[in-house]
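Below: input34.cif (mmCIF, N, CA and C atoms)
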```cif
data_structure
loop_
_atom_site.label_atom_id
_atom_site.label_comp_id
_atom_site.auth_asym_id
_atom_site.auth_seq_id
_atom_site.Cartn_x
_atom_site.Cartn_y
_atom_site.Cartn_z
N MET A 1400 -24.25 40.87 -58.09
CA MET A 1400 -24.53 40.33 -56.80
C MET A 1400 -23.21 40.08 -56.07
N ASN A 1401 -23.23 40.16 -54.75
CA ASN A 1401 -22.05 40.02 -53.91
C ASN A 1401 -21.65 38.54 -53.85
N PHE A 1402 -20.35 38.29 -54.07
CA PHE A 1402 -19.85 36.92 -54.10
C PHE A 1402 -19.97 36.24 -52.74
N LEU A 1403 -19.71 36.93 -51.62
CA LEU A 1403 -19.78 36.34 -50.29
C LEU A 1403 -21.20 35.93 -49.91
N LEU A 1404 -22.19 36.63 -50.43
CA LEU A 1404 -23.56 36.28 -50.11
C LEU A 1404 -24.02 35.06 -50.91
N SER A 1405 -23.36 34.78 -52.02
CA SER A 1405 -23.76 33.65 -52.85
C SER A 1405 -23.14 32.32 -52.40
N ILE A 1406 -22.18 32.34 -51.48
CA ILE A 1406 -21.54 31.11 -51.01
C ILE A 1406 -22.45 30.40 -50.03
N ASN A 1407 -22.55 29.08 -50.21
CA ASN A 1407 -23.35 28.26 -49.32
C ASN A 1407 -22.56 28.07 -48.02
N LYS A 1408 -23.10 28.63 -46.96
CA LYS A 1408 -22.38 28.64 -45.69
C LYS A 1408 -22.24 27.24 -45.09
N ARG A 1409 -23.18 26.39 -45.28
CA ARG A 1409 -23.12 25.04 -44.76
C ARG A 1409 -21.99 24.26 -45.43
N GLN A 1410 -21.86 24.38 -46.75
CA GLN A 1410 -20.79 23.71 -47.47
C GLN A 1410 -19.43 24.28 -47.08
N LEU A 1411 -19.35 25.57 -46.86
CA LEU A 1411 -18.11 26.22 -46.47
C LEU A 1411 -17.63 25.69 -45.10
N ILE A 1412 -18.53 25.54 -44.15
CA ILE A 1412 -18.18 25.04 -42.83
C ILE A 1412 -17.74 23.58 -42.92
N ILE A 1413 -18.40 22.78 -43.74
CA ILE A 1413 -18.02 21.37 -43.92
C ILE A 1413 -16.63 21.28 -44.52
N TRP A 1414 -16.33 22.10 -45.54
CA TRP A 1414 -15.01 22.08 -46.19
C TRP A 1414 -13.91 22.55 -45.23
N ILE A 1415 -14.16 23.56 -44.48
CA ILE A 1415 -13.16 24.05 -43.52
C ILE A 1415 -12.90 23.01 -42.43
N THR A 1416 -13.96 22.38 -41.93
CA THR A 1416 -13.81 21.33 -40.93
C THR A 1416 -13.03 20.15 -41.51
N PHE A 1417 -13.33 19.75 -42.75
CA PHE A 1417 -12.63 18.67 -43.42
C PHE A 1417 -11.14 18.98 -43.58
N ILE A 1418 -10.80 20.20 -43.97
CA ILE A 1418 -9.41 20.61 -44.15
C ILE A 1418 -8.67 20.62 -42.81
N ILE A 1419 -9.33 21.10 -41.76
CA ILE A 1419 -8.70 21.13 -40.43
C ILE A 1419 -8.45 19.71 -39.94
N ILE A 1420 -9.41 18.79 -40.15
CA ILE A 1420 -9.22 17.40 -39.75
C ILE A 1420 -8.07 16.78 -40.52
N LEU A 1421 -7.97 17.04 -41.83
CA LEU A 1421 -6.86 16.51 -42.63
C LEU A 1421 -5.51 17.02 -42.12
N ILE A 1422 -5.45 18.29 -41.78
CA ILE A 1422 -4.20 18.87 -41.26
C ILE A 1422 -3.83 18.23 -39.93
N LEU A 1423 -4.80 18.05 -39.05
CA LEU A 1423 -4.54 17.42 -37.75
C LEU A 1423 -4.08 15.97 -37.92
N VAL A 1424 -4.71 15.22 -38.81
CA VAL A 1424 -4.30 13.83 -39.07
C VAL A 1424 -2.89 13.80 -39.62
N PHE A 1425 -2.57 14.69 -40.54
CA PHE A 1425 -1.22 14.75 -41.12
C PHE A 1425 -0.18 15.01 -40.02
N PHE A 1426 -0.43 15.98 -39.14
CA PHE A 1426 0.52 16.27 -38.06
C PHE A 1426 0.61 15.12 -37.06
N ALA A 1427 -0.50 14.46 -36.79
CA ALA A 1427 -0.48 13.32 -35.87
C ALA A 1427 0.38 12.19 -36.43
N PHE A 1428 0.19 11.84 -37.70
CA PHE A 1428 1.01 10.79 -38.31
C PHE A 1428 2.47 11.17 -38.39
N SER A 1429 2.76 12.42 -38.70
CA SER A 1429 4.17 12.83 -38.76
C SER A 1429 4.80 12.81 -37.36
N PHE A 1430 4.04 13.16 -36.33
CA PHE A 1430 4.55 13.11 -34.96
C PHE A 1430 4.82 11.67 -34.54
N ILE A 1431 3.89 10.77 -34.85
CA ILE A 1431 4.07 9.36 -34.50
C ILE A 1431 5.26 8.76 -35.23
N SER A 1432 5.43 9.07 -36.50
CA SER A 1432 6.56 8.52 -37.24
C SER A 1432 7.88 9.10 -36.72
N ASN A 1433 7.89 10.35 -36.28
CA ASN A 1433 9.10 10.92 -35.70
C ASN A 1433 9.43 10.28 -34.36
N GLU A 1434 8.41 9.97 -33.56
CA GLU A 1434 8.64 9.31 -32.27
C GLU A 1434 9.27 7.95 -32.49
N LYS A 1435 8.84 7.22 -33.50
CA LYS A 1435 9.39 5.89 -33.77
C LYS A 1435 10.82 5.97 -34.30
N SER A 1436 11.15 7.03 -35.01
CA SER A 1436 12.48 7.12 -35.60
C SER A 1436 13.54 7.62 -34.62
N ILE A 1437 13.12 8.24 -33.51
CA ILE A 1437 14.08 8.71 -32.52
C ILE A 1437 14.56 7.51 -31.72
N PRO A 1438 15.88 7.30 -31.68
CA PRO A 1438 16.38 6.15 -30.91
C PRO A 1438 16.13 6.36 -29.42
N LYS A 1439 15.70 5.30 -28.77
CA LYS A 1439 15.42 5.36 -27.34
C LYS A 1439 16.73 5.28 -26.56
N ILE A 1440 16.86 6.14 -25.59
CA ILE A 1440 18.02 6.13 -24.71
C ILE A 1440 17.61 5.38 -23.46
N THR A 1441 18.21 4.24 -23.25
CA THR A 1441 17.87 3.45 -22.07
C THR A 1441 18.62 4.01 -20.88
N ASP A 1442 17.96 4.00 -19.77
CA ASP A 1442 18.59 4.48 -18.54
C ASP A 1442 19.62 3.47 -18.08
N ILE A 1443 20.80 3.94 -17.86
CA ILE A 1443 21.84 3.09 -17.33
C ILE A 1443 21.71 3.13 -15.82
N THR A 1444 21.51 1.98 -15.24
CA THR A 1444 21.35 1.94 -13.79
C THR A 1444 22.72 2.14 -13.15
N THR A 1445 22.82 3.20 -12.43
CA THR A 1445 24.08 3.47 -11.76
C THR A 1445 24.01 2.91 -10.36
N ASN A 1446 25.03 2.22 -10.00
CA ASN A 1446 25.10 1.64 -8.67
C ASN A 1446 25.69 2.69 -7.73
N LYS A 1447 25.00 2.98 -6.67
CA LYS A 1447 25.45 3.99 -5.74
C LYS A 1447 26.28 3.39 -4.60
N SER A 1448 26.82 2.22 -4.85
CA SER A 1448 27.62 1.55 -3.83
C SER A 1448 29.09 1.69 -4.16
N ASP A 1449 29.89 1.82 -3.10
CA ASP A 1449 31.34 1.83 -3.26
C ASP A 1449 31.85 0.42 -3.54
N ILE A 1450 31.23 -0.58 -2.92
CA ILE A 1450 31.64 -1.96 -3.06
C ILE A 1450 30.43 -2.78 -3.49
N VAL A 1451 30.57 -3.56 -4.54
CA VAL A 1451 29.49 -4.43 -4.98
C VAL A 1451 29.85 -5.86 -4.56
N LYS A 1452 28.93 -6.50 -3.87
CA LYS A 1452 29.09 -7.87 -3.35
C LYS A 1452 30.38 -8.04 -2.55
N PRO A 1453 30.53 -7.27 -1.45
CA PRO A 1453 31.74 -7.43 -0.63
C PRO A 1453 31.77 -8.79 0.07
N LYS A 1454 32.98 -9.35 0.17
CA LYS A 1454 33.20 -10.62 0.87
C LYS A 1454 34.50 -10.50 1.65
N PHE A 1455 34.45 -10.84 2.93
CA PHE A 1455 35.66 -10.87 3.76
C PHE A 1455 35.39 -11.73 4.98
N SER A 1456 36.37 -11.88 5.85
CA SER A 1456 36.20 -12.76 7.00
C SER A 1456 36.84 -12.16 8.24
N ILE A 1457 36.36 -12.63 9.40
CA ILE A 1457 36.91 -12.29 10.70
C ILE A 1457 37.45 -13.59 11.30
N SER A 1458 38.70 -13.59 11.70
CA SER A 1458 39.28 -14.79 12.31
C SER A 1458 39.24 -14.66 13.82
N GLY A 1459 38.50 -15.55 14.44
CA GLY A 1459 38.42 -15.58 15.89
C GLY A 1459 39.30 -16.68 16.45
N GLN A 1460 39.22 -16.87 17.77
CA GLN A 1460 40.01 -17.92 18.41
C GLN A 1460 39.53 -19.31 18.01
N LYS A 1461 38.22 -19.47 17.94
CA LYS A 1461 37.65 -20.78 17.68
C LYS A 1461 37.37 -21.04 16.20
N SER A 1462 36.85 -20.04 15.50
CA SER A 1462 36.47 -20.26 14.11
C SER A 1462 36.58 -18.96 13.31
N GLU A 1463 36.29 -19.08 12.04
CA GLU A 1463 36.35 -17.95 11.14
C GLU A 1463 34.93 -17.61 10.71
N ILE A 1464 34.61 -16.31 10.69
CA ILE A 1464 33.29 -15.85 10.28
C ILE A 1464 33.43 -15.19 8.91
N PHE A 1465 32.68 -15.71 7.93
CA PHE A 1465 32.69 -15.16 6.58
C PHE A 1465 31.53 -14.18 6.46
N ILE A 1466 31.82 -13.00 5.90
CA ILE A 1466 30.83 -11.93 5.79
C ILE A 1466 30.60 -11.63 4.32
N THR A 1467 29.31 -11.63 3.92
CA THR A 1467 28.94 -11.29 2.55
C THR A 1467 27.77 -10.31 2.59
N ALA A 1468 27.65 -9.52 1.53
CA ALA A 1468 26.54 -8.58 1.39
C ALA A 1468 26.35 -8.28 -0.10
N LYS A 1469 25.27 -7.61 -0.43
CA LYS A 1469 25.05 -7.23 -1.82
C LYS A 1469 25.74 -5.92 -2.16
N ASN A 1470 25.76 -4.98 -1.20
CA ASN A 1470 26.37 -3.66 -1.43
C ASN A 1470 27.11 -3.21 -0.19
N GLY A 1471 28.06 -2.31 -0.41
CA GLY A 1471 28.79 -1.73 0.70
C GLY A 1471 29.22 -0.32 0.38
N ASN A 1472 29.25 0.54 1.38
CA ASN A 1472 29.68 1.93 1.23
C ASN A 1472 30.64 2.28 2.35
N PHE A 1473 31.70 2.99 1.98
CA PHE A 1473 32.66 3.44 2.98
C PHE A 1473 32.08 4.63 3.73
N ILE A 1474 31.99 4.53 5.03
CA ILE A 1474 31.55 5.64 5.88
C ILE A 1474 32.76 6.48 6.26
N SER A 1475 33.84 5.80 6.61
CA SER A 1475 35.12 6.45 6.93
C SER A 1475 36.22 5.49 6.49
N ALA A 1476 37.45 5.80 6.86
CA ALA A 1476 38.56 4.95 6.46
C ALA A 1476 38.46 3.56 7.09
N GLU A 1477 37.88 3.47 8.29
CA GLU A 1477 37.78 2.19 8.97
C GLU A 1477 36.40 1.55 8.91
N LYS A 1478 35.34 2.35 8.71
CA LYS A 1478 33.99 1.82 8.80
C LYS A 1478 33.34 1.66 7.42
N ILE A 1479 32.65 0.52 7.27
CA ILE A 1479 31.93 0.20 6.04
C ILE A 1479 30.48 -0.09 6.40
N LEU A 1480 29.56 0.49 5.64
CA LEU A 1480 28.14 0.18 5.78
C LEU A 1480 27.81 -0.93 4.79
N LEU A 1481 27.47 -2.09 5.31
CA LEU A 1481 27.08 -3.23 4.47
C LEU A 1481 25.56 -3.24 4.37
N GLU A 1482 25.05 -3.38 3.15
CA GLU A 1482 23.61 -3.28 2.93
C GLU A 1482 23.09 -4.50 2.16
N ASP A 1483 21.81 -4.76 2.33
CA ASP A 1483 21.08 -5.77 1.56
C ASP A 1483 21.59 -7.19 1.78
N ASN A 1484 20.88 -7.90 2.61
CA ASN A 1484 21.13 -9.32 2.85
C ASN A 1484 22.56 -9.59 3.32
N VAL A 1485 22.93 -8.96 4.42
CA VAL A 1485 24.26 -9.13 4.99
C VAL A 1485 24.26 -10.44 5.78
N LYS A 1486 25.23 -11.32 5.48
CA LYS A 1486 25.31 -12.62 6.14
C LYS A 1486 26.65 -12.79 6.83
N PHE A 1487 26.58 -13.21 8.09
CA PHE A 1487 27.74 -13.60 8.87
C PHE A 1487 27.61 -15.11 9.03
N LYS A 1488 28.55 -15.86 8.46
CA LYS A 1488 28.40 -17.30 8.43
C LYS A 1488 29.68 -17.98 8.92
N SER A 1489 29.51 -18.94 9.79
CA SER A 1489 30.62 -19.78 10.26
C SER A 1489 30.15 -21.23 10.27
N LYS A 1490 30.98 -22.11 10.77
CA LYS A 1490 30.59 -23.51 10.84
C LYS A 1490 29.49 -23.74 11.85
N GLU A 1491 29.43 -22.89 12.88
CA GLU A 1491 28.46 -23.08 13.96
C GLU A 1491 27.16 -22.32 13.78
N PHE A 1492 27.17 -21.19 13.08
CA PHE A 1492 25.97 -20.37 13.02
C PHE A 1492 25.92 -19.55 11.73
N GLN A 1493 24.73 -18.92 11.55
CA GLN A 1493 24.54 -17.94 10.48
C GLN A 1493 23.72 -16.80 11.05
N LEU A 1494 24.13 -15.57 10.73
CA LEU A 1494 23.45 -14.36 11.19
C LEU A 1494 23.15 -13.50 9.98
N VAL A 1495 21.87 -13.15 9.77
CA VAL A 1495 21.44 -12.39 8.60
C VAL A 1495 20.78 -11.10 9.06
N SER A 1496 21.15 -9.98 8.41
CA SER A 1496 20.58 -8.68 8.75
C SER A 1496 20.74 -7.75 7.55
N ASP A 1497 20.26 -6.54 7.70
CA ASP A 1497 20.47 -5.48 6.71
C ASP A 1497 21.13 -4.29 7.40
N ASN A 1498 21.85 -3.51 6.64
CA ASN A 1498 22.47 -2.27 7.13
C ASN A 1498 23.34 -2.51 8.37
N VAL A 1499 24.43 -3.17 8.16
CA VAL A 1499 25.38 -3.48 9.23
C VAL A 1499 26.59 -2.57 9.07
N ILE A 1500 27.02 -1.95 10.16
CA ILE A 1500 28.23 -1.13 10.14
C ILE A 1500 29.37 -2.00 10.65
N PHE A 1501 30.40 -2.15 9.81
CA PHE A 1501 31.54 -2.99 10.15
C PHE A 1501 32.78 -2.11 10.31
N ASP A 1502 33.42 -2.22 11.46
CA ASP A 1502 34.65 -1.49 11.74
C ASP A 1502 35.83 -2.41 11.44
N ARG A 1503 36.56 -2.09 10.37
CA ARG A 1503 37.66 -2.95 9.93
C ARG A 1503 38.83 -2.92 10.90
N LYS A 1504 39.02 -1.82 11.58
CA LYS A 1504 40.16 -1.69 12.48
C LYS A 1504 39.97 -2.54 13.74
N ASN A 1505 38.79 -2.41 14.36
CA ASN A 1505 38.51 -3.12 15.62
C ASN A 1505 37.80 -4.46 15.40
N LEU A 1506 37.45 -4.79 14.16
CA LEU A 1506 36.71 -6.01 13.82
C LEU A 1506 35.42 -6.13 14.62
N VAL A 1507 34.66 -5.03 14.62
CA VAL A 1507 33.38 -4.96 15.32
C VAL A 1507 32.29 -4.71 14.28
N ALA A 1508 31.18 -5.43 14.40
CA ALA A 1508 30.03 -5.25 13.51
C ALA A 1508 28.80 -4.93 14.35
N THR A 1509 28.02 -3.92 13.94
CA THR A 1509 26.80 -3.56 14.66
C THR A 1509 25.67 -3.33 13.67
N SER A 1510 24.46 -3.61 14.14
CA SER A 1510 23.27 -3.38 13.32
C SER A 1510 22.12 -2.96 14.22
N GLU A 1511 21.31 -2.07 13.73
CA GLU A 1511 20.10 -1.63 14.45
C GLU A 1511 18.85 -2.20 13.76
N ASN A 1512 19.04 -3.02 12.74
CA ASN A 1512 17.91 -3.61 12.00
C ASN A 1512 17.63 -5.02 12.51
N GLU A 1513 16.46 -5.53 12.14
CA GLU A 1513 16.09 -6.88 12.55
C GLU A 1513 17.15 -7.86 12.09
N SER A 1514 17.54 -8.75 12.99
CA SER A 1514 18.60 -9.73 12.72
C SER A 1514 18.09 -11.12 13.04
N LYS A 1515 18.49 -12.08 12.23
CA LYS A 1515 18.08 -13.46 12.44
C LYS A 1515 19.32 -14.33 12.59
N PHE A 1516 19.43 -14.94 13.75
CA PHE A 1516 20.55 -15.82 14.08
C PHE A 1516 20.03 -17.25 14.09
N SER A 1517 20.79 -18.15 13.46
CA SER A 1517 20.39 -19.56 13.51
C SER A 1517 21.62 -20.43 13.63
N SER A 1518 21.48 -21.46 14.44
CA SER A 1518 22.52 -22.48 14.59
C SER A 1518 21.82 -23.83 14.63
N LYS A 1519 22.51 -24.86 15.06
CA LYS A 1519 21.94 -26.21 15.01
C LYS A 1519 20.61 -26.32 15.75
N LYS A 1520 20.55 -25.84 16.98
CA LYS A 1520 19.34 -26.00 17.78
C LYS A 1520 18.80 -24.68 18.32
N THR A 1521 19.31 -23.57 17.84
CA THR A 1521 18.91 -22.26 18.36
C THR A 1521 18.54 -21.33 17.22
N PHE A 1522 17.47 -20.57 17.46
CA PHE A 1522 17.04 -19.55 16.49
C PHE A 1522 16.72 -18.28 17.27
N ILE A 1523 17.35 -17.16 16.89
CA ILE A 1523 17.16 -15.89 17.61
C ILE A 1523 16.79 -14.81 16.60
N VAL A 1524 15.73 -14.08 16.91
CA VAL A 1524 15.35 -12.90 16.13
C VAL A 1524 15.44 -11.72 17.07
N SER A 1525 16.21 -10.70 16.68
CA SER A 1525 16.39 -9.54 17.56
C SER A 1525 16.28 -8.25 16.77
N ALA A 1526 16.21 -7.13 17.50
CA ALA A 1526 16.10 -5.81 16.88
C ALA A 1526 17.45 -5.27 16.44
N GLY A 1527 18.51 -6.00 16.69
CA GLY A 1527 19.85 -5.59 16.30
C GLY A 1527 20.88 -6.48 16.97
N PHE A 1528 22.14 -6.25 16.65
CA PHE A 1528 23.19 -7.06 17.25
C PHE A 1528 24.50 -6.29 17.23
N GLU A 1529 25.47 -6.87 17.94
CA GLU A 1529 26.83 -6.34 17.96
C GLU A 1529 27.77 -7.53 18.07
N ILE A 1530 28.72 -7.62 17.15
CA ILE A 1530 29.74 -8.66 17.19
C ILE A 1530 31.03 -7.99 17.64
N ILE A 1531 31.62 -8.50 18.74
CA ILE A 1531 32.85 -7.91 19.28
C ILE A 1531 33.90 -8.99 19.51
N GLU A 1532 35.09 -8.58 19.87
CA GLU A 1532 36.22 -9.46 20.18
C GLU A 1532 36.48 -10.49 19.09
N ASN A 1533 36.71 -9.98 17.88
CA ASN A 1533 37.04 -10.83 16.72
C ASN A 1533 35.99 -11.90 16.44
N GLY A 1534 34.75 -11.61 16.71
CA GLY A 1534 33.68 -12.57 16.44
C GLY A 1534 33.43 -13.57 17.53
N ASN A 1535 34.08 -13.44 18.67
CA ASN A 1535 33.90 -14.39 19.76
C ASN A 1535 32.64 -14.11 20.58
N ILE A 1536 32.17 -12.86 20.59
CA ILE A 1536 30.99 -12.49 21.38
C ILE A 1536 29.98 -11.80 20.47
N ILE A 1537 28.71 -12.26 20.56
CA ILE A 1537 27.61 -11.62 19.83
C ILE A 1537 26.60 -11.15 20.87
N ASN A 1538 26.37 -9.85 20.92
CA ASN A 1538 25.36 -9.27 21.81
C ASN A 1538 24.14 -8.94 20.97
N PHE A 1539 22.96 -9.38 21.41
CA PHE A 1539 21.72 -9.07 20.72
C PHE A 1539 21.07 -7.88 21.39
N LYS A 1540 20.54 -6.96 20.59
CA LYS A 1540 19.97 -5.71 21.11
C LYS A 1540 18.46 -5.70 20.97
N GLY A 1541 17.82 -4.93 21.83
CA GLY A 1541 16.38 -4.70 21.74
C GLY A 1541 15.56 -5.94 22.04
N GLN A 1542 14.32 -5.91 21.54
CA GLN A 1542 13.42 -7.03 21.76
C GLN A 1542 13.97 -8.25 21.03
N THR A 1543 14.09 -9.36 21.76
CA THR A 1543 14.71 -10.56 21.22
C THR A 1543 13.81 -11.76 21.46
N ILE A 1544 13.67 -12.58 20.43
CA ILE A 1544 12.91 -13.83 20.54
C ILE A 1544 13.90 -14.98 20.41
N LEU A 1545 13.88 -15.88 21.39
CA LEU A 1545 14.80 -17.01 21.42
C LEU A 1545 13.99 -18.31 21.31
N LYS A 1546 14.35 -19.15 20.34
CA LYS A 1546 13.69 -20.46 20.18
C LYS A 1546 14.78 -21.52 20.25
N ILE A 1547 14.62 -22.44 21.17
CA ILE A 1547 15.57 -23.54 21.33
C ILE A 1547 14.83 -24.83 21.00
N LYS A 1548 15.40 -25.64 20.13
CA LYS A 1548 14.74 -26.89 19.72
C LYS A 1548 15.18 -28.03 20.59
#
```
Whole structure, structure tokens version:
Amino acid sequence: MNFLLSINKRQLIIWITFIIILILVFFAFSFISNEKSIPKITDITTNKSDIVKPKFSISGQKSEIFITAKNGNFISAEKILLEDNVKFKSKEFQLVSDNVIFDRKNLVATSENESKFSSKKTFIVSAGFEIIENGNIINFKGQTILKIK
């Protein structure tokens, strides 16, 4: 009698399925154990700023304005782009904005982003500003809201 005809086909399918499942489980466990053994490479956050936490001041006739920011990038030899929470602070006022271009040669600062100016009894929100003449004059640009207490 033929050997292939005497094999129980149902048992053969069960055994082949069992062997395939065992092989798949073996490869899955070996893959998982290899994943755990590979050391993880953490991404090093690279700062794309030329200057981190820049601080400097402008000396005017009446007072000195201190300028701080979280990041800064050189646009040219004279111009610096100050980014993220840029503050112009003096004894009389504080001006906060983002993305301010500061010209070191002419001591001029300009911004096209929303700016918040506050002093003792005045609060101004504008669409931008310009500081000229060594910090003696501040021009507010665009739509401006003025609140006087």
| query | What residues in chain A get the DSSP label alpha helix (DSSP H)? Please answer as a ChimeraX atom specification. | reply | /A:1402-1405,1408-1436
- Applied to the shown file, which residues does the PyMOL selection byres ((chain A and resi 1513-1524) around 6) return, written as a PyMOL selection string? chain A and resi 1491-1497+1511-1512+1525-1527+1542-1548
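The space between CA of Thr1416 in chain A and atom C of Ser1429 in chain A spans 20.8 Å.
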Restricting to only C-alpha atoms, whichever of A:Ile1413, A:Ala1427, A:Val1485, A:Leu1506 is closest to Gly1534 in chain A is A:Leu1506
Check your understanding: Can you list, as a VMD selection string, the residues that the PyMOL selection byres ((chain A and resi 1472-1475) around 8) selects here?
Key -> chain A and resid 1447 to 1451 1470 to 1471 1476 to 1482
- Task: Report as a list in words: the residues of range 1490-1533 of chain A with a DSSP assignment of strand (DSSP E or B), based on the backbone of this structure.
- Result: Phe1492, Gln1493, Leu1494, Val1495, Ser1496, Val1499, Ile1500, Phe1501, Asp1502, Val1507, Ala1508, Thr1509, Ser1510, Ser1514, Lys1515, Phe1516, Ser1517, Ser1518, Thr1521, Phe1522, Ile1523, Val1524, Ser1525, Ala1526, Gly1527, Phe1528, Glu1529, Ile1530 and Ile1531 of chain A
Output as AutoDock Vina command-line options the centre and edge lengths (Å, one decimal) of the box along x, y and z of the file that holds every listed atom of range 1488-1504 of chain A after adding 3 Å on each side.
```
--center_x 30.2 --center_y -12.4 --center_z 10.3 --size_x 25.9 --size_y 28.6 --size_z 13.3
```
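Coordinates place CA of Phe1539 in chain A at a distance of 13.5 Å from CA of Val1507 in chain A.
Rounded to one decimal, CA of Thr1467 in chain A and CA of Ile1531 in chain A lie 17.5 Å from each other.
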For this session: Pull out every residue that the PyMOL selection byres ((chain A and resi 1529) around 6.5) matches in the shown coordinates and put them as a list of chain:residue names.
Result: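 Output of the PyMOL selection byres ((chain A and resi 1529) around 6.5): A:Ala1508, A:Thr1509, A:Ser1510, A:Gly1527, A:Phe1528, A:Ile1530, A:Ile1531, A:Ile1536, A:Ile1537, A:Asn1538, A:Phe1539, A:Lys1540.
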Using only C-alpha atoms, can you tell me which of A:Leu1421, A:Leu1411, A:Ile1406, A:Ile1500 comes closest to Ile1466 in chain A?
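Ranking A:Leu1421, A:Leu1411, A:Ile1406, A:Ile1500 by distance to Ile1466 in chain A, first place goes to A:Ile1500.
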Hey, what's within 5 Å of range 1454-1465 of chain A if we count only N, CA and C atoms and toss same-chain stuff fewer than 2 positions away? As a PyMOL selection string, please? chain A and resi 1452+1467+1487-1489+1533
